[in-house]
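Data from input_14.pdb: PDB, C-alpha atoms
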ATOM      1  CA  MET X 257     126.106 170.840  89.542
ATOM      2  CA  GLN X 258     125.868 168.195  92.259
ATOM      3  CA  ARG X 259     128.098 168.142  95.316
ATOM      4  CA  ALA X 260     128.140 165.892  98.377
ATOM      5  CA  CYS X 261     125.467 167.931 100.140
ATOM      6  CA  CYS X 262     123.765 170.103  97.613
ATOM      7  CA  ILE X 263     122.658 170.778  94.068
ATOM      8  CA  TYR X 264     122.946 174.302  92.692
ATOM      9  CA  TYR X 265     120.796 175.626  89.889
ATOM     10  CA  PRO X 266     122.064 178.829  88.302
ATOM     11  CA  ALA X 267     119.236 181.339  88.490
ATOM     12  CA  THR X 268     121.135 184.054  86.644
ATOM     13  CA  GLN X 269     123.840 184.330  84.054
ATOM     14  CA  HIS X 270     124.019 188.053  84.804
ATOM     15  CA  GLN X 271     125.862 189.317  87.874
ATOM     16  CA  PHE X 272     124.009 191.687  90.193
ATOM     17  CA  LYS X 273     125.250 194.441  92.480
ATOM     18  CA  ALA X 274     122.072 196.123  93.770
ATOM     19  CA  PHE X 275     118.727 194.492  93.095
ATOM     20  CA  GLU X 276     115.237 193.580  94.192
ATOM     21  CA  LEU X 277     114.450 189.885  93.803
ATOM     22  CA  ASN X 278     110.866 188.683  94.291
ATOM     23  CA  PHE X 279     109.881 185.022  94.236
ATOM     24  CA  ASP X 280     107.263 182.608  95.489
ATOM     25  CA  PHE X 281     108.225 179.282  97.039
ATOM     26  CA  LYS X 282     106.401 176.228  98.310
ATOM     27  CA  LEU X 283     107.913 173.615 100.606
ATOM     28  CA  THR X 284     107.143 169.963 101.127
ATOM     29  CA  GLU X 285     107.553 168.305 104.536
ATOM     30  CA  GLY X 286     111.143 168.371 105.783
ATOM     31  CA  ALA X 287     112.429 170.321 102.780
ATOM     32  CA  ASN X 288     115.564 172.466 102.721
ATOM     33  CA  SER X 289     116.561 174.941 100.006
ATOM     34  CA  GLY X 290     117.669 178.533  99.653
ATOM     35  CA  VAL X 291     118.317 181.458  97.376
ATOM     36  CA  LYS X 292     121.977 182.454  97.348
ATOM     37  CA  TYR X 293     123.274 185.847  96.312
ATOM     38  CA  PHE X 294     126.762 187.334  96.005
ATOM     39  CA  VAL X 295     127.981 183.860  95.113
ATOM     40  CA  THR X 296     131.724 184.018  94.542
ATOM     41  CA  GLU X 297     132.774 180.540  93.474
ATOM     42  CA  SER X 298     132.668 178.978  90.064
ATOM     43  CA  PRO X 299     131.109 175.562  89.332
ATOM     44  CA  ALA X 300     134.645 174.181  88.936
ATOM     45  CA  SER X 301     135.625 175.034  92.517
ATOM     46  CA  GLN X 302     135.421 172.636  95.440
ATOM     47  CA  ARG X 303     132.455 174.369  97.100
ATOM     48  CA  ALA X 304     130.392 175.789  94.278
ATOM     49  CA  GLY X 305     127.595 177.998  95.466
ATOM     50  CA  LEU X 306     129.233 179.759  98.420
ATOM     51  CA  GLY X 307     127.321 182.965  99.064
ATOM     52  CA  LEU X 308     124.799 184.757 101.245
ATOM     53  CA  GLU X 309     121.592 182.744 101.574
ATOM     54  CA  TYR X 310     117.909 183.497 102.093
ATOM     55  CA  GLN X 311     117.016 180.261 103.892
ATOM     56  CA  VAL X 312     114.031 178.295 102.548
ATOM     57  CA  LEU X 313     113.321 175.557 105.102
ATOM     58  CA  ASP X 314     110.644 173.531 106.877
ATOM     59  CA  ASP X 315     111.494 174.817 110.367
ATOM     60  CA  GLU X 316     109.355 172.228 112.131
ATOM     61  CA  ARG X 317     110.733 169.091 110.467
ATOM     62  CA  HIS X 318     114.237 169.834 109.222
ATOM     63  CA  PRO X 319     117.049 169.518 111.803
ATOM     64  CA  ASP X 320     118.981 172.487 110.371
ATOM     65  CA  ALA X 321     116.425 174.846 111.965
ATOM     66  CA  LYS X 322     117.651 173.780 115.431
ATOM     67  CA  MET X 323     121.334 174.243 114.558
ATOM     68  CA  GLY X 324     123.286 177.482 114.354
ATOM     69  CA  THR X 325     122.691 180.288 116.843
ATOM     70  CA  LEU X 326     119.362 181.703 118.036
ATOM     71  CA  GLY X 327     117.459 180.494 114.969
ATOM     72  CA  ASN X 328     119.822 181.865 112.336
ATOM     73  CA  ARG X 329     119.141 178.853 110.116
ATOM     74  CA  THR X 330     115.341 179.120 110.049
ATOM     75  CA  MET X 331     113.093 180.194 107.173
ATOM     76  CA  SER X 332     113.950 183.591 105.653
ATOM     77  CA  SER X 333     117.022 184.059 107.879
ATOM     78  CA  LEU X 334     120.381 185.111 106.504
ATOM     79  CA  TYR X 335     121.711 181.575 106.779
ATOM     80  CA  ASP X 336     124.048 181.031 109.752
ATOM     81  CA  LEU X 337     124.400 184.786 110.347
ATOM     82  CA  ILE X 338     121.136 186.555 111.246
ATOM     83  CA  PRO X 339     117.870 184.964 112.425
ATOM     84  CA  ALA X 340     114.631 186.135 110.874
ATOM     85  CA  ASP X 341     112.503 188.376 113.081
ATOM     86  CA  THR X 342     110.082 186.038 114.845
ATOM     87  CA  LEU X 343     107.162 188.420 114.353
ATOM     88  CA  GLY X 344     107.411 188.101 110.571
ATOM     89  CA  SER X 345     108.016 184.356 110.715
ATOM     90  CA  ARG X 346     104.643 183.935 112.449
ATOM     91  CA  PHE X 347     103.089 184.775 109.089
ATOM     92  CA  LYS X 348     104.795 182.014 107.119
ATOM     93  CA  LYS X 349     102.406 179.790 105.203
ATOM     94  CA  LYS X 350     101.728 176.150 106.004
ATOM     95  CA  ILE X 351     103.739 173.444 104.267
ATOM     96  CA  GLY X 352     102.319 172.985 100.768
ATOM     97  CA  GLU X 353     101.153 176.625 100.481
ATOM     98  CA  TRP X 354     102.926 179.372  98.543
ATOM     99  CA  ASN X 355     105.034 181.939 100.412
ATOM    100  CA  ASN X 356     106.169 185.222  98.898
ATOM    101  CA  ALA X 357     109.763 186.292  99.467
ATOM    102  CA  LYS X 358     111.801 189.328  98.599
ATOM    103  CA  ILE X 359     115.494 190.152  98.854
ATOM    104  CA  ILE X 360     116.483 193.784  98.420
ATOM    105  CA  VAL X 361     120.116 194.867  98.147
ATOM    106  CA  TYR X 362     120.364 198.643  97.975
ATOM    107  CA  PRO X 363     123.333 200.435  96.343
ATOM    108  CA  SER X 364     124.416 201.407  99.905
ATOM    109  CA  ASN X 365     124.760 197.658 100.764
ATOM    110  CA  LEU X 366     121.722 197.758 103.045
ATOM    111  CA  VAL X 367     120.104 194.336 102.620
ATOM    112  CA  GLN X 368     116.585 193.235 103.556
ATOM    113  CA  HIS X 369     114.827 189.869 103.574
ATOM    114  CA  TRP X 370     111.021 189.906 103.381
ATOM    115  CA  LEU X 371     108.527 187.084 103.959
ATOM    116  CA  ASN X 372     104.870 187.444 103.009
ATOM    117  CA  GLY X 373     104.990 191.240 103.228
ATOM    118  CA  PHE X 374     107.004 191.468 106.481
ATOM    119  CA  LYS X 375     110.607 192.607 106.732
ATOM    120  CA  VAL X 376     112.317 189.845 108.731
ATOM    121  CA  VAL X 377     116.044 190.619 108.295
ATOM    122  CA  GLU X 378     117.971 193.840 107.748
ATOM    123  CA  TYR X 379     121.730 194.335 107.759
ATOM    124  CA  VAL X 380     124.500 196.279 106.067
ATOM    125  CA  ARG X 381     126.774 194.050 104.034
ATOM    126  CA  GLY X 382     130.407 194.729 104.952
ATOM    127  CA  SER X 383     129.641 196.675 108.144
ATOM    128  CA  ASN X 384     131.560 195.961 111.354
ATOM    129  CA  ILE X 385     128.549 194.090 112.761
ATOM    130  CA  TYR X 386     128.344 191.982 109.598
ATOM    131  CA  LYS X 387     132.064 191.134 109.846
ATOM    132  CA  VAL X 388     131.668 190.032 113.488
ATOM    133  CA  LEU X 389     128.726 187.816 112.535
ATOM    134  CA  VAL X 390     130.838 186.149 109.829
ATOM    135  CA  VAL X 391     133.712 185.545 112.276
ATOM    136  CA  HIS X 392     131.277 183.678 114.563
ATOM    137  CA  SER X 393     129.732 181.628 111.749
ATOM    138  CA  LYS X 394     130.709 178.539 109.799
ATOM    139  CA  PHE X 395     132.069 180.927 107.139
ATOM    140  CA  ALA X 396     134.780 182.424 109.382
ATOM    141  CA  ASP X 397     137.584 180.970 107.253
ATOM    142  CA  LYS X 398     136.102 182.263 103.967
ATOM    143  CA  LYS X 399     137.981 185.430 103.068
ATOM    144  CA  ASP X 400     135.653 188.316 102.170
ATOM    145  CA  TYR X 401     132.577 186.107 102.530
ATOM    146  CA  GLY X 402     129.566 187.742 100.865
ATOM    147  CA  LEU X 403     131.501 190.872  99.933
ATOM    148  CA  ALA X 404     131.813 190.499  96.153
ATOM    149  CA  GLU X 405     131.010 193.736  94.350
ATOM    150  CA  GLN X 406     128.637 191.837  92.083
ATOM    151  CA  ALA X 407     127.817 188.176  91.551
ATOM    152  CA  PRO X 408     125.181 185.762  90.247
ATOM    153  CA  ILE X 409     122.179 184.435  92.143
ATOM    154  CA  LEU X 410     121.619 180.692  92.626
ATOM    155  CA  LEU X 411     118.813 178.415  93.747
ATOM    156  CA  GLN X 412     119.985 175.719  96.139
ATOM    157  CA  ASP X 413     118.471 172.282  96.681
ATOM    158  CA  HIS X 414     119.342 169.497  99.097
ATOM    159  CA  GLY X 415     117.415 166.851  97.140
ATOM    160  CA  ASN X 416     114.011 167.818  98.556
ATOM    161  CA  SER X 417     110.885 168.883  96.673
ATOM    162  CA  VAL X 418     110.788 172.679  96.759
ATOM    163  CA  TYR X 419     108.922 174.740  94.194
ATOM    164  CA  TYR X 420     109.659 178.243  92.925
ATOM    165  CA  LYS X 421     107.575 180.490  90.676
ATOM    166  CA  ASN X 422     107.108 184.161  89.753
ATOM    167  CA  ILE X 423     110.841 184.839  89.996
ATOM    168  CA  LYS X 424     111.415 188.477  89.084
ATOM    169  CA  ILE X 425     114.496 190.611  89.511
ATOM    170  CA  SER X 426     115.194 194.263  88.836
ATOM    171  CA  GLU X 427     118.441 196.151  89.207
ATOM    172  CA  LEU X 428     118.546 199.138  91.531
ATOM    173  CA  LYS X 429     120.593 202.197  90.701
TER     174      LYS X 429
END

Could you take the file, read its structure, and then write that structure out as structure tokens?
Amino acid sequence: MQRACCIYYPATQHQFKAFELNFDFKLTEGANSGVKYFVTESPASQRAGLGLEYQVLDDERHPDAKMGTLGNRTMSSLYDLIPADTLGSRFKKKIGEWNNAKIIVYPSNLVQHWLNGFKVVEYVRGSNIYKVLVVHSKFADKKDYGLAEQAPILLQDHGNSVYYKNIKISELK
């Protein structure tokens, strides 16, 4: 479905609660994309695709990397909420090379973002710290943002060339 800013490609018909999602991605210069999870809106709504996002971005050439707070819109960050650990981001691949990413959501709501074998983000979905981060983000007016019990996973595109492969997901119990 195409919107003013974005195109969303449903990655799952199934809704997930706790999972491990592994995928490889390759960026082109200036590209912006993301993998969204706990998406709560339907394609018929005004802002389809609202959910937590593993940011997939060319940090050097896309202006979104300089926006937000303290780098919370850079590659592998929890978009607009938590910046990726800079140690792990040092190991991102060059533009045009494949990166490996992983999102793990444990049954306890502990969530991790991984980039090329390094844990770069960790948080507890629904915790007091999480709620404060949402209040200070662009999602402050979105009731229960990212707190759905289960939801589908989407690939996001802003009209740039971004490639995904080896997408594998397993449910955690």

- Taking into account all atoms listed in the file, which residue in the set X:Phe281, X:Tyr420, X:Tyr386, X:Tyr293 is nearest to X:Met331? X:Phe281

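Across the model, the gap from atom CA of X:Leu410 to atom CA of X:Asp280 is 14.8 Å.
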
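Interatomic distance, atom CA of X:Ser383 to atom CA of X:Asn278: 24.7 Å.
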
- Query: Expanded to explicit residues, what is the PyMOL selection byres ((chain X and resi 380) around 6) for this file, as an NGL selection string?
  - Reply: :X and (365-367 or 379 or 381 or 383)

- What's the 6 Å shell around X:Phe279, counting only C-alpha atoms, without same-chain residues fewer than 6 positions away, as an MDAnalysis selection string? chainID X and resid 356:357 422:423

- Message: Could you tell me, as a PyMOL selection string, exactly which residues end up selected when the PyMOL selection byres ((chain X and resi 315) around 12) is applied to this structure?
- Response: chain X and resi 283-289+311-314+316-323+327-333+340+345-346+348-351

- Name the residues captured by the PyMOL selection byres ((chain X and resi 277) around 9) when it is applied to the shown file; answer as a list of chain:residue names. X:Phe275, X:Glu276, X:Asn278, X:Phe279, X:Ala357, X:Lys358, X:Ile359, X:Ile360, X:Val361, X:Ile423, X:Lys424, X:Ile425, X:Ser426, X:Glu427

Store the residues of this selection in a file with C-alpha atoms, as a tab-separated table (two decimals), in the coordinates of the input.
chain	number	residue	atom	x	y	z
X	275	PHE	CA	118.73	194.49	93.10
X	276	GLU	CA	115.24	193.58	94.19
X	278	ASN	CA	110.87	188.68	94.29
X	279	PHE	CA	109.88	185.02	94.24
X	357	ALA	CA	109.76	186.29	99.47
X	358	LYS	CA	111.80	189.33	98.60
X	359	ILE	CA	115.49	190.15	98.85
X	360	ILE	CA	116.48	193.78	98.42
X	361	VAL	CA	120.12	194.87	98.15
X	423	ILE	CA	110.84	184.84	90.00
X	424	LYS	CA	111.42	188.48	89.08
X	425	ILE	CA	114.50	190.61	89.51
X	426	SER	CA	115.19	194.26	88.84
X	427	GLU	CA	118.44	196.15	89.21

Could you give me the axis-aligned bounding box of stretch 302-320 of chain X, with 8 Å of padding per side, as centre plus edge lengths in Å to one decimal, as lines of an AutoDock Vina configuration file?
center_x = 122.4
center_y = 176.9
center_z = 103.2
size_x = 42.1
size_y = 31.7
size_z = 33.9
